[in-house]
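**Q** Input file: structure_31.txt. Contents: compact mmCIF, C-alpha atoms.
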```txt
# COMPACT_ATOMS: atom_id res chain seq x y z
CA MET A 228 6.85 10.07 -6.01
CA GLY A 229 6.64 12.89 -8.55
CA GLY A 230 7.52 16.12 -6.73
CA LYS A 231 6.00 15.15 -3.41
CA VAL A 232 7.29 17.26 -0.50
CA THR A 233 8.25 14.54 1.93
CA CYS A 234 10.98 13.00 4.06
CA THR A 235 11.78 9.73 5.82
CA LEU A 236 10.25 8.64 9.12
CA GLY A 237 13.74 8.93 10.62
CA GLU A 238 13.68 12.69 10.00
CA VAL A 239 10.20 12.91 11.52
CA LYS A 240 11.44 11.03 14.58
CA GLN A 241 14.46 13.33 14.98
CA ARG A 242 12.98 16.71 14.09
CA ALA A 243 9.20 17.02 13.68
CA ASP A 244 7.80 19.21 16.48
CA PHE A 245 4.38 19.60 14.83
CA ILE A 246 2.52 16.55 13.58
CA VAL A 247 -0.87 16.41 11.86
CA TYR A 248 -2.75 13.17 11.18
CA TRP A 249 -5.49 13.79 8.62
CA GLY A 250 -8.14 11.14 7.94
CA GLY A 251 -6.20 8.35 9.60
CA ASN A 252 -6.44 6.34 12.80
CA PRO A 253 -2.87 5.31 13.66
CA ALA A 254 -3.81 4.15 17.18
CA GLU A 255 -5.71 1.24 15.64
CA CYS A 256 -4.30 0.86 12.11
CA HIS A 257 -0.57 1.64 12.60
CA PRO A 258 -0.23 1.00 16.36
CA ARG A 259 3.52 1.66 16.63
CA HIS A 260 3.54 4.85 14.53
CA PHE A 261 3.25 7.13 17.61
CA THR A 262 5.87 5.35 19.68
CA LYS A 263 8.38 4.44 16.99
CA TYR A 264 8.39 7.47 14.69
CA THR A 265 6.33 10.44 15.80
CA ILE A 266 5.03 11.92 19.05
CA MET A 267 6.55 9.70 21.75
CA GLN A 268 10.17 9.67 20.59
CA LYS A 269 12.91 11.65 22.31
CA SER A 270 15.69 12.90 20.03
CA ARG A 271 18.71 15.18 20.00
CA PHE A 272 16.56 18.05 18.73
CA LEU A 273 13.47 17.23 20.80
CA PRO A 274 14.96 15.93 24.05
CA ARG A 275 11.71 16.03 26.05
CA GLY A 276 9.86 13.78 23.57
CA ARG A 277 6.10 14.17 23.80
CA LYS A 278 6.40 17.52 25.64
CA ASP A 279 8.38 19.01 22.74
CA ARG A 280 5.88 17.88 20.13
CA THR A 281 2.36 18.97 19.22
CA MET A 282 -0.11 16.64 17.54
CA VAL A 283 -3.31 17.59 15.73
CA LEU A 284 -5.83 15.03 14.50
CA VAL A 285 -8.28 15.91 11.73
CA ASP A 286 -11.04 13.38 11.11
CA ILE A 287 -14.79 13.12 10.64
CA ARG A 288 -15.24 11.25 13.93
CA GLU A 289 -13.46 10.96 17.26
CA THR A 290 -11.39 7.77 16.91
CA LYS A 291 -9.07 6.21 19.50
CA SER A 292 -6.24 8.31 18.05
CA ALA A 293 -7.97 11.45 19.38
CA LYS A 294 -6.84 10.53 22.91
CA ALA A 295 -3.21 10.92 21.85
CA ALA A 296 -3.78 14.29 20.16
CA ASP A 297 -3.34 17.76 21.68
CA THR A 298 -6.09 19.04 19.39
CA PHE A 299 -8.84 17.12 17.65
CA LEU A 300 -10.58 18.87 14.76
CA GLN A 301 -13.82 17.28 13.58
CA VAL A 302 -14.28 18.12 9.91
CA LYS A 303 -17.67 17.60 8.30
CA PRO A 304 -17.72 14.50 6.06
CA GLY A 305 -16.77 15.32 2.48
CA LYS A 306 -15.42 18.78 3.41
CA ASP A 307 -11.71 17.93 3.56
CA PHE A 308 -10.89 19.60 0.25
CA GLU A 309 -12.72 22.78 1.31
CA LEU A 310 -10.90 22.86 4.66
CA ILE A 311 -7.47 22.37 3.03
CA THR A 312 -8.26 25.12 0.52
CA ILE A 313 -9.33 27.47 3.37
CA LEU A 314 -6.05 26.72 5.19
CA ARG A 315 -4.09 27.42 1.98
CA ALA A 316 -5.82 30.82 1.77
CA MET A 317 -5.40 31.61 5.48
CA ILE A 318 -1.65 30.95 5.60
CA LYS A 319 -1.32 33.61 2.88
CA ASP A 320 -3.67 36.03 4.73
CA GLN A 321 -6.26 35.84 1.97
CA ARG A 322 -9.90 36.59 2.77
CA VAL A 323 -12.08 33.69 3.92
CA THR A 324 -15.67 34.23 5.10
CA ASP A 325 -17.07 32.86 8.37
CA ALA A 326 -19.77 31.04 6.39
CA GLN A 327 -17.08 29.19 4.37
CA ILE A 328 -15.33 28.16 7.59
CA GLU A 329 -18.57 27.05 9.28
CA ASP A 330 -19.41 24.95 6.22
CA THR A 331 -16.44 22.66 7.06
CA GLY A 332 -17.46 22.30 10.73
CA MET A 333 -14.67 24.59 12.02
CA THR A 334 -14.55 28.00 13.68
CA ARG A 335 -12.24 30.92 12.78
CA GLU A 336 -10.68 30.80 16.24
CA VAL A 337 -9.67 27.14 15.84
CA LEU A 338 -8.25 27.66 12.34
CA ASP A 339 -6.36 30.84 13.35
CA LYS A 340 -4.64 28.78 16.05
CA LEU A 341 -3.89 25.92 13.63
CA VAL A 342 -2.43 28.28 11.02
CA ASP A 343 -0.34 29.93 13.73
CA GLN A 344 0.98 26.52 14.87
CA MET A 345 1.72 25.46 11.29
CA LYS A 346 3.65 28.61 10.44
CA ASN A 347 5.59 28.78 13.69
CA CYS A 348 6.74 25.20 14.14
CA LYS A 349 10.31 24.22 13.28
CA PHE A 350 9.50 21.08 11.33
CA GLY A 351 5.92 20.14 10.49
CA CYS A 352 4.69 16.86 9.06
CA MET A 353 1.21 15.94 7.84
CA PHE A 354 0.31 12.26 7.61
CA PHE A 355 -2.78 11.58 5.52
CA GLY A 356 -4.80 8.37 5.59
CA MET A 357 -7.56 6.76 3.60
CA GLY A 358 -10.12 9.03 5.30
CA LEU A 359 -8.71 11.74 3.06
CA SER A 360 -7.67 9.86 -0.06
CA MET A 361 -10.60 7.43 -0.37
CA THR A 362 -13.51 9.82 0.25
CA ARG A 363 -15.20 12.41 -1.97
CA GLY A 364 -12.47 14.22 -3.87
CA LYS A 365 -10.05 11.27 -3.64
CA HIS A 366 -6.70 12.12 -5.25
CA MET A 367 -7.69 15.80 -5.45
CA ASN A 368 -7.72 15.84 -1.62
CA SER A 369 -4.24 14.31 -1.46
CA ALA A 370 -2.99 16.76 -4.10
CA ALA A 371 -4.45 19.71 -2.13
CA LEU A 372 -2.79 18.55 1.09
CA LEU A 373 0.57 18.06 -0.65
CA THR A 374 0.22 21.58 -2.10
CA LEU A 375 -0.53 22.97 1.38
CA ALA A 376 2.64 21.27 2.68
CA ALA A 377 4.65 22.70 -0.23
CA GLU A 378 3.26 26.21 0.31
CA LEU A 379 3.99 26.12 4.06
CA ASN A 380 7.67 25.93 3.12
CA ALA A 381 7.49 29.70 2.51
CA PHE A 382 7.32 29.99 6.33
CA THR A 383 8.98 26.90 7.80
CA LYS A 384 10.03 23.33 6.98
CA PHE A 385 6.91 21.31 6.22
CA VAL A 386 6.37 17.90 4.66
CA ALA A 387 3.52 15.42 4.02
CA MET A 388 3.41 11.64 3.83
CA PRO A 389 0.67 9.12 3.05
CA MET A 390 -0.13 6.52 5.76
CA ARG A 391 0.13 3.39 3.63
CA GLY A 392 -1.41 0.14 4.79
CA HIS A 393 -1.41 -3.31 3.22
CA GLY A 394 2.16 -4.42 3.83
CA ASN A 395 4.29 -3.81 0.76
CA VAL A 396 1.84 -1.68 -1.27
CA THR A 397 4.47 1.09 -1.25
CA GLY A 398 6.88 -1.39 -2.84
CA ALA A 399 4.36 -2.07 -5.63
CA ASP A 400 4.28 1.66 -6.43
CA VAL A 401 8.06 1.92 -6.38
CA ILE A 402 8.64 -1.20 -8.50
CA MET A 403 6.06 -0.17 -11.12
CA ARG A 404 7.55 3.34 -11.29
CA TRP A 405 11.00 1.84 -11.72
CA GLN A 406 9.96 -0.73 -14.33
CA THR A 407 7.34 1.23 -16.33
CA GLY A 408 7.57 4.90 -15.32
CA TYR A 409 4.07 4.86 -13.79
CA PRO A 410 2.90 3.88 -10.28
CA PHE A 411 -0.34 1.93 -11.05
CA GLY A 412 -3.18 1.73 -13.60
CA ILE A 413 -0.93 0.64 -16.48
CA THR A 414 -1.54 -1.18 -19.75
CA PHE A 415 1.00 -2.75 -22.11
CA ASN A 416 -1.56 -3.43 -24.84
CA ARG A 417 0.32 -1.38 -27.43
CA GLY A 418 3.63 -2.97 -26.52
CA TYR A 419 4.78 -0.08 -24.31
CA PRO A 420 3.41 1.13 -20.94
CA ARG A 421 0.59 3.67 -20.83
CA TYR A 422 -1.03 5.12 -17.69
CA ASN A 423 -4.65 6.10 -17.20
CA PRO A 424 -6.39 5.55 -13.84
CA GLY A 425 -10.12 5.17 -14.41
CA GLU A 426 -9.49 3.37 -17.69
CA PHE A 427 -6.79 0.89 -16.63
CA SER A 428 -7.50 0.72 -12.87
CA THR A 429 -8.73 -2.68 -11.71
CA VAL A 430 -12.16 -1.88 -10.26
CA ASP A 431 -13.15 -0.01 -13.42
CA VAL A 432 -11.73 -2.72 -15.71
CA LEU A 433 -13.60 -5.48 -13.82
CA VAL A 434 -16.91 -3.61 -13.44
CA ARG A 435 -16.94 -2.85 -17.19
CA GLY A 436 -15.89 -6.44 -17.91
CA ASP A 437 -12.90 -5.36 -20.03
CA CYS A 438 -10.37 -8.05 -19.14
CA ASP A 439 -10.68 -11.71 -20.16
CA ALA A 440 -8.28 -13.25 -17.62
CA ALA A 441 -6.97 -12.13 -14.23
CA PHE A 442 -3.78 -12.90 -12.35
CA ILE A 443 -4.18 -12.00 -8.66
CA ILE A 444 -1.21 -12.00 -6.30
CA GLY A 445 -0.97 -10.84 -2.68
CA ALA A 446 -4.54 -9.51 -2.67
CA ASP A 447 -8.07 -10.76 -2.09
CA PRO A 448 -10.40 -8.84 -4.41
CA GLY A 449 -12.99 -11.63 -3.92
CA ALA A 450 -13.48 -10.25 -0.39
CA THR A 451 -12.99 -6.52 -0.90
CA MET A 452 -14.19 -5.47 -4.37
CA PRO A 453 -17.71 -4.40 -5.33
CA GLN A 454 -20.02 -7.28 -6.34
CA PRO A 455 -20.05 -6.58 -10.14
CA ALA A 456 -16.22 -6.79 -10.11
CA ILE A 457 -16.34 -10.12 -8.22
CA ASP A 458 -18.96 -11.42 -10.66
CA HIS A 459 -16.61 -10.67 -13.57
CA LEU A 460 -13.72 -12.47 -11.81
CA LYS A 461 -16.01 -15.52 -11.60
CA ARG A 462 -16.81 -15.35 -15.34
CA ILE A 463 -13.21 -15.18 -16.59
CA PRO A 464 -10.26 -17.51 -15.85
CA THR A 465 -8.79 -16.14 -12.63
CA ILE A 466 -5.41 -17.26 -11.31
CA CYS A 467 -4.65 -16.64 -7.66
CA LEU A 468 -1.39 -16.83 -5.67
CA ASP A 469 -1.80 -16.68 -1.89
CA PRO A 470 -0.48 -18.35 1.29
CA HIS A 471 -4.11 -19.15 2.24
CA ILE A 472 -7.23 -20.35 0.42
CA THR A 473 -8.97 -16.97 0.12
CA HIS A 474 -12.33 -15.84 -1.27
CA THR A 475 -10.50 -15.17 -4.54
CA SER A 476 -8.99 -18.70 -4.54
CA LYS A 477 -12.49 -20.14 -4.28
CA LEU A 478 -13.70 -18.38 -7.42
CA ALA A 479 -10.40 -18.89 -9.30
CA ARG A 480 -9.71 -21.54 -11.95
CA VAL A 481 -6.14 -21.86 -10.69
CA HIS A 482 -4.91 -21.37 -7.12
CA ILE A 483 -1.26 -21.79 -6.16
CA THR A 484 -0.28 -21.77 -2.47
CA THR A 485 2.86 -19.72 -1.84
CA ALA A 486 5.10 -18.97 1.14
CA PRO A 487 4.08 -15.89 3.18
CA GLN A 488 6.43 -12.94 2.67
CA GLY A 489 8.64 -12.05 5.61
CA ILE A 490 7.61 -15.16 7.53
CA ALA A 491 8.77 -17.91 5.18
CA ALA A 492 9.76 -16.03 2.01
CA PRO A 493 12.81 -13.76 1.83
CA GLY A 494 13.02 -10.51 -0.13
CA THR A 495 12.54 -6.77 0.25
CA ALA A 496 9.61 -4.64 1.45
CA TYR A 497 9.16 -0.86 1.33
CA ARG A 498 8.13 1.17 4.38
CA MET A 499 5.53 3.95 3.89
CA ASP A 500 8.33 6.53 3.53
CA GLU A 501 9.74 4.56 0.58
CA LEU A 502 12.63 3.07 2.48
CA PRO A 503 13.43 -0.51 1.39
CA LEU A 504 13.96 -3.03 4.20
CA PRO A 505 15.22 -6.62 3.94
CA LEU A 506 12.93 -9.38 5.22
CA LYS A 507 14.16 -11.98 7.71
CA PRO A 508 12.01 -15.09 7.34
CA ALA A 509 11.96 -17.28 10.46
CA LEU A 510 10.28 -20.38 9.00
CA LYS A 511 10.90 -22.68 6.04
CA SER A 512 7.73 -23.11 4.01
CA PRO A 513 6.73 -26.29 2.18
CA TYR A 514 5.41 -23.98 -0.56
CA PRO A 515 7.36 -22.07 -3.24
CA THR A 516 7.75 -18.27 -3.04
CA ASP A 517 5.66 -15.85 -5.13
CA GLU A 518 8.83 -14.81 -6.95
CA GLU A 519 9.62 -18.40 -7.97
CA VAL A 520 6.07 -19.13 -9.18
CA VAL A 521 5.73 -15.93 -11.25
CA ARG A 522 9.18 -16.47 -12.76
CA ARG A 523 8.20 -20.01 -13.76
CA ILE A 524 4.96 -18.76 -15.35
CA ASN A 525 7.05 -16.19 -17.26
CA GLU A 526 9.38 -18.95 -18.46
CA GLU A 527 6.40 -21.08 -19.52
CA LEU A 528 4.96 -18.13 -21.48
CA GLN A 529 8.25 -17.55 -23.27
CA LYS A 530 7.85 -20.98 -24.89
CA LYS A 531 4.57 -19.84 -26.47
CA PRO A 532 4.27 -17.51 -29.49
CA PHE A 533 4.43 -13.77 -28.63
CA TRP A 534 0.98 -12.10 -28.56
CA MET A 535 1.84 -9.41 -31.07
CA PRO A 536 2.16 -10.74 -34.64
CA GLU A 537 5.66 -10.66 -36.10
CA GLY A 538 6.39 -7.49 -38.02
CA ALA A 539 3.75 -5.47 -36.14
CA PRO A 540 5.14 -2.12 -35.03
CA LEU A 541 6.17 -2.01 -31.38
CA THR A 542 6.73 1.75 -31.42
CA MET A 543 4.15 4.50 -31.42
CA THR A 544 2.90 5.57 -34.86
CA ALA A 545 0.98 8.66 -35.94
CA HIS A 546 -2.24 6.73 -35.43
CA GLY A 547 -1.15 5.33 -32.04
CA MET B 1453 11.85 -27.33 24.32
CA THR B 1454 14.00 -24.33 23.52
CA LEU B 1455 12.85 -21.98 20.84
CA GLN B 1456 15.07 -20.48 18.19
CA VAL B 1457 15.32 -16.70 18.11
CA VAL B 1458 15.45 -14.37 15.11
CA ASN B 1459 16.47 -10.83 16.04
CA ASN B 1460 15.44 -7.68 14.15
CA ALA B 1461 12.92 -9.46 11.98
CA THR B 1462 10.76 -7.34 9.67
CA CYS B 1463 6.97 -7.23 10.00
CA THR B 1464 5.11 -6.61 6.74
CA PHE B 1465 1.56 -6.37 8.05
CA CYS B 1466 1.12 -2.59 7.75
CA GLY B 1467 3.00 0.27 6.11
CA CYS B 1468 5.15 0.85 9.21
CA VAL B 1469 7.28 -2.21 8.27
CA CYS B 1470 8.79 -2.42 11.79
CA ASP B 1471 12.23 -4.02 11.56
CA ASP B 1472 12.98 -4.60 15.23
CA ILE B 1473 10.81 -7.65 15.98
CA GLN B 1474 12.22 -10.57 17.94
CA LEU B 1475 10.69 -13.86 16.80
CA HIS B 1476 10.72 -17.04 18.90
CA HIS B 1477 9.97 -20.10 16.78
CA ASP B 1478 10.28 -23.89 16.67
CA GLU B 1479 10.64 -24.10 12.85
CA VAL B 1480 6.93 -24.91 12.51
CA ARG B 1481 5.24 -21.92 14.08
CA ILE B 1482 6.18 -18.63 15.66
CA HIS B 1483 5.26 -18.67 19.36
CA GLU B 1484 6.18 -15.15 20.30
CA ALA B 1485 6.75 -11.88 18.43
CA ARG B 1486 8.35 -9.46 20.89
CA LYS B 1487 7.97 -5.70 20.29
CA ALA B 1488 5.27 -6.38 17.68
CA CYS B 1489 1.90 -4.63 18.05
CA VAL B 1490 -1.44 -6.48 18.23
CA LEU B 1491 -1.74 -6.52 14.44
CA GLY B 1492 1.85 -7.69 13.93
CA THR B 1493 1.55 -10.41 16.58
CA ALA B 1494 -1.57 -11.79 14.91
CA TRP B 1495 0.23 -11.69 11.53
CA PHE B 1496 3.26 -13.64 12.78
CA LEU B 1497 1.35 -16.15 14.89
CA ASN B 1498 -1.25 -16.95 12.22
CA HIS B 1499 1.24 -18.22 9.61
CA THR B 1500 2.90 -21.59 10.08
CA ALA B 1501 5.25 -23.85 8.15
CA GLU B 1502 2.64 -26.63 8.22
CA LYS B 1503 1.19 -27.93 4.98
CA LYS B 1504 -2.38 -26.85 5.64
CA TYR B 1505 -3.48 -26.37 2.05
CA PRO B 1506 -2.90 -28.29 -1.20
CA VAL B 1507 0.08 -27.07 -3.25
CA ALA B 1508 -2.29 -26.01 -6.02
CA LEU B 1509 -5.89 -26.21 -7.19
CA VAL B 1510 -6.91 -26.33 -10.85
CA ASP B 1511 -10.68 -26.07 -11.48
CA GLY B 1512 -11.22 -26.82 -7.78
CA LYS B 1513 -9.26 -30.08 -7.86
CA GLU B 1514 -5.87 -30.69 -6.27
CA ALA B 1515 -3.01 -30.45 -8.75
CA THR B 1516 0.78 -30.41 -8.81
CA LEU B 1517 2.73 -27.17 -9.03
CA ASP B 1518 3.82 -27.97 -12.61
CA GLU B 1519 0.22 -28.56 -13.72
CA ALA B 1520 -0.95 -25.34 -12.08
CA ILE B 1521 1.84 -23.28 -13.65
CA GLU B 1522 1.05 -24.75 -17.05
CA ALA B 1523 -2.68 -24.02 -16.62
CA ALA B 1524 -1.95 -20.46 -15.48
CA ALA B 1525 0.33 -19.81 -18.47
CA HIS B 1526 -2.30 -21.31 -20.80
CA HIS B 1527 -5.16 -19.10 -19.52
CA LEU B 1528 -3.02 -15.95 -19.59
CA HIS B 1529 -1.69 -16.68 -23.09
CA GLU B 1530 -5.20 -17.37 -24.44
CA ALA B 1531 -6.53 -14.04 -23.15
CA ASP B 1532 -6.64 -10.88 -25.26
CA MET B 1533 -6.61 -8.53 -22.28
CA PRO B 1534 -5.20 -10.22 -19.16
CA LEU B 1535 -5.00 -8.31 -15.87
CA VAL B 1536 -2.15 -8.56 -13.35
CA TYR B 1537 -3.40 -7.18 -10.04
CA GLY B 1538 -2.57 -6.99 -6.34
CA MET B 1539 1.09 -7.13 -5.30
CA SER B 1540 0.47 -5.75 -1.80
CA ASN B 1541 1.32 -8.77 0.29
CA THR B 1542 4.36 -9.85 -1.65
CA THR B 1543 8.03 -8.99 -2.01
CA CYS B 1544 9.57 -6.45 -4.38
CA GLU B 1545 11.33 -9.33 -6.15
CA ALA B 1546 7.95 -10.93 -6.95
CA GLN B 1547 6.52 -7.51 -7.94
CA LYS B 1548 9.31 -7.13 -10.49
CA GLU B 1549 8.41 -10.52 -11.97
CA CYS B 1550 4.76 -9.36 -12.14
CA ALA B 1551 5.76 -6.25 -14.11
CA ALA B 1552 7.65 -8.55 -16.52
CA LEU B 1553 4.56 -10.80 -16.74
CA ALA B 1554 2.21 -7.94 -17.69
CA ASP B 1555 4.80 -6.63 -20.17
CA GLN B 1556 5.22 -10.05 -21.80
CA LEU B 1557 1.42 -10.53 -22.00
CA GLY B 1558 0.66 -7.04 -23.31
CA GLY B 1559 -1.79 -6.84 -20.41
CA LEU B 1560 -2.89 -4.57 -17.57
CA LEU B 1561 -0.81 -3.99 -14.43
CA ASP B 1562 -2.32 -2.48 -11.29
CA SER B 1563 -2.10 -2.48 -7.49
CA HIS B 1564 -4.23 -1.68 -4.44
CA THR B 1565 -3.23 1.98 -4.82
CA SER B 1566 -5.84 2.50 -7.54
CA LEU B 1567 -8.77 1.46 -5.32
```
Before anything else, please render the file you have as structure tokens.

**A**
Amino acid sequence: MGGKVTCTLGEVKQRADFIVYWGGNPAECHPRHFTKYTIMQKSRFLPRGRKDRTMVLVDIRETKSAKAADTFLQVKPGKDFELITILRAMIKDQRVTDAQIEDTGMTREVLDKLVDQMKNCKFGCMFFGMGLSMTRGKHMNSAALLTLAAELNAFTKFVAMPMRGHGNVTGADVIMRWQTGYPFGITFNRGYPRYNPGEFSTVDVLVRGDCDAAFIIGADPGATMPQPAIDHLKRIPTICLDPHITHTSKLARVHITTAPQGIAAPGTAYRMDELPLPLKPALKSPYPTDEEVVRRINEELQKKPFWMPEGAPLTMTAHG
Amino acid sequence: MTLQVVNNATCTFCGCVCDDIQLHHDEVRIHEARKACVLGTAWFLNHTAEKKYPVALVDGKEATLDEAIEAAAHHLHEADMPLVYGMSNTTCEAQKECAALADQLGGLLDSHTSL
């Protein structure tokens, strides 16, 4: 993922003696993260396990994960970007006023200790969740945190990693990057891939009513998207592939039941650290797999005339 | 009745993708998912090999797979700006087919990441 300072969870398990969770609640959303990869593991380099590791939790409220943390820092809602920027200044001994620190809900004493811990650990890792990336500032917050991790490498080894949810959403990023060069928010409407989140991202496309058909797979926007987006899905022909009859299936013109991945469908899934893992389905489904259905739709489409008229330029021209 | 055992199965509920789960099943449903967390256990135990739903629905009516695939291809081909979205709860192999679908349609391609 373009220049991200990161590592695998295996390295975290073996080496990370300082762990920060920012805007995430692993105790409830990724229950085995602590025991399998981070604070509870004993390793060759950290033989005493939990005693050799320090964990800091940064969040706007005290979640169940706070019990596992050595330090819980309660940041004021919407002040994550400010706090990260203050930390970036403080690690470089730049001047920060008390008023600026208080504005984020912190005290100088607390941040001095945090900066000291960050600079003096052997291997630090920051995990950031949707509390950081889905609130005010969005991708700017993630970018700031990744920059902080990069800058900490002037003092010690430091990395950052997003806490991805939703099963194989990491795989979707990886596959789109591999196939198109971009991770999401892509259009092929000029015959080659272009990337522009905000213009080509789904919520925006649906709320504006830009698309005139939708193919939904492994997702249930009918249950999760804002109402104007759902209304547009109802207006246009929507096609839905899912192991269950979902909210989206109910508003779709076409629903196809497929085998659930990893339970009855074989294949590959990516872990949050972008490590691909093979699936081991236990059951045989009476339904076809997603892969088979999409391939058959592709084959059906190949029998129809191509959308771009023959002779039309497929390459970029001076006028785009 | 003895249950069959699958060792080191992979759980795809959350981003941890734990690959050390022991599944005990009778070919119809999974009865036990050892080492899995509460979320993973619910994920494994809630899916069965039973035929609970129709193979396909077209305009709310039951249809065959062939009819549904034909209808899907028709709607997508008719559209000027089709959208291919989701791809979270599916395999990389299916995601690759989705990228090919959007490419072939000249459409939009997007995942949960953009939310």

**Q** Quick one: residues within 8 Å of (-5.3, 3.9, 18.3) (file frame), counting all atoms listed in the file, please, as a VMD selection string.

**A** chain A and resid 252 to 258 290 to 292

**Q** Using only C-alpha atoms, I'd like a table of the residues in chain B that come within 6 Å of chain A; for each, show the closest atom pair and its distance in Å rounded to one decimal, ordered by chain and ascending number, as CSV.

**A**
```
residue,atom,partner,partner_atom,distance
B:Ala1461,CA,A:Lys507,CA,5.1
B:Thr1462,CA,A:Leu506,CA,5.4
B:Thr1464,CA,A:Gly394,CA,4.7
B:Phe1465,CA,A:Gly394,CA,4.7
B:Cys1466,CA,A:Gly394,CA,4.4
B:Gly1467,CA,A:Gly392,CA,4.6
B:Cys1468,CA,A:Arg498,CA,5.7
B:Val1469,CA,A:Arg498,CA,5.2
B:Glu1479,CA,A:Leu510,CA,5.4
B:Ala1501,CA,A:Ser512,CA,4.9
B:Val1507,CA,A:Thr484,CA,5.4
B:Ala1508,CA,A:Ile483,CA,4.3
B:Leu1509,CA,A:His482,CA,4.9
B:Val1510,CA,A:Val481,CA,4.5
B:Asp1511,CA,A:Arg480,CA,4.7
B:Ile1521,CA,A:Ile524,CA,5.7
B:Ala1525,CA,A:Ile524,CA,5.7
B:Ala1531,CA,A:Asp439,CA,5.6
B:Met1533,CA,A:Cys438,CA,4.9
B:Pro1534,CA,A:Ala440,CA,4.6
B:Leu1535,CA,A:Ala441,CA,4.6
B:Val1536,CA,A:Phe442,CA,4.7
B:Tyr1537,CA,A:Ile443,CA,5.1
B:Gly1538,CA,A:Ala446,CA,4.9
B:Met1539,CA,A:Gly445,CA,5.0
B:Ser1540,CA,A:Val396,CA,4.3
B:Asn1541,CA,A:Gly445,CA,4.3
B:Thr1542,CA,A:Gly445,CA,5.5
B:Thr1543,CA,A:Thr495,CA,5.5
B:Cys1544,CA,A:Thr495,CA,5.5
B:Ala1546,CA,A:Glu518,CA,4.0
B:Leu1553,CA,A:Asn525,CA,6.0
B:Asp1555,CA,A:Phe415,CA,5.8
B:Gly1558,CA,A:Phe415,CA,4.5
B:Gly1559,CA,A:Phe415,CA,5.2
B:Leu1560,CA,A:Thr414,CA,4.3
B:Leu1561,CA,A:Ile413,CA,5.1
B:Asp1562,CA,A:Phe411,CA,4.8
B:Ser1563,CA,A:Phe411,CA,5.9
B:Ser1566,CA,A:Ser428,CA,5.9
```

**Q** Taking into account all atoms listed in the file, which residue in the set B:Cys1470, B:Leu1455, B:Cys1463, B:Cys1550 is nearest to B:Ile1482?

**A** B:Leu1455

**Q** At what distance in Å, to one decimal, does atom CA of A:Gly436 lie from atom CA of B:Ala1523?

**A** 22.0 Å

**Q** Just give me the gap between atom CA of B:Glu1514 and atom CA of A:His459 in Å, one decimal is fine.

**A**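 Computing the Euclidean distance for atom CA of B:Glu1514 and atom CA of A:His459 yields 23.9 Å.
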
**Q** List the neighbours of A:Arg271 out to 9 Å using only C-alpha atoms; skip same-chain residues closer than 2 positions along the sequence, and give me the result as a PyMOL selection string.

**A** chain A and resi 241-242+269+273-274

**Q** Counting only C-alpha atoms, which of B:Gln1474, B:Leu1567, B:Leu1557, B:Lys1504 gets nearest to B:Glu1530?

**A**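 Residue with the minimum atom-to-atom distance to B:Glu1530: B:Leu1557.
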
**Q** Counting all atoms listed in the file, figure out which residue out of B:Leu1517, B:Gly1492, B:Ile1473, B:His1483 gets nearest to B:Thr1454.

**A**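 Distance minimum relative to B:Thr1454 lands on B:His1483.
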
**Q** Tell me which residues come within 7 Å of (16.7, -22.3, 14.6), as a ChimeraX atom specification, counting all atoms listed in the file in the file's coordinates.

**A** /B:1456-1457,1478-1479
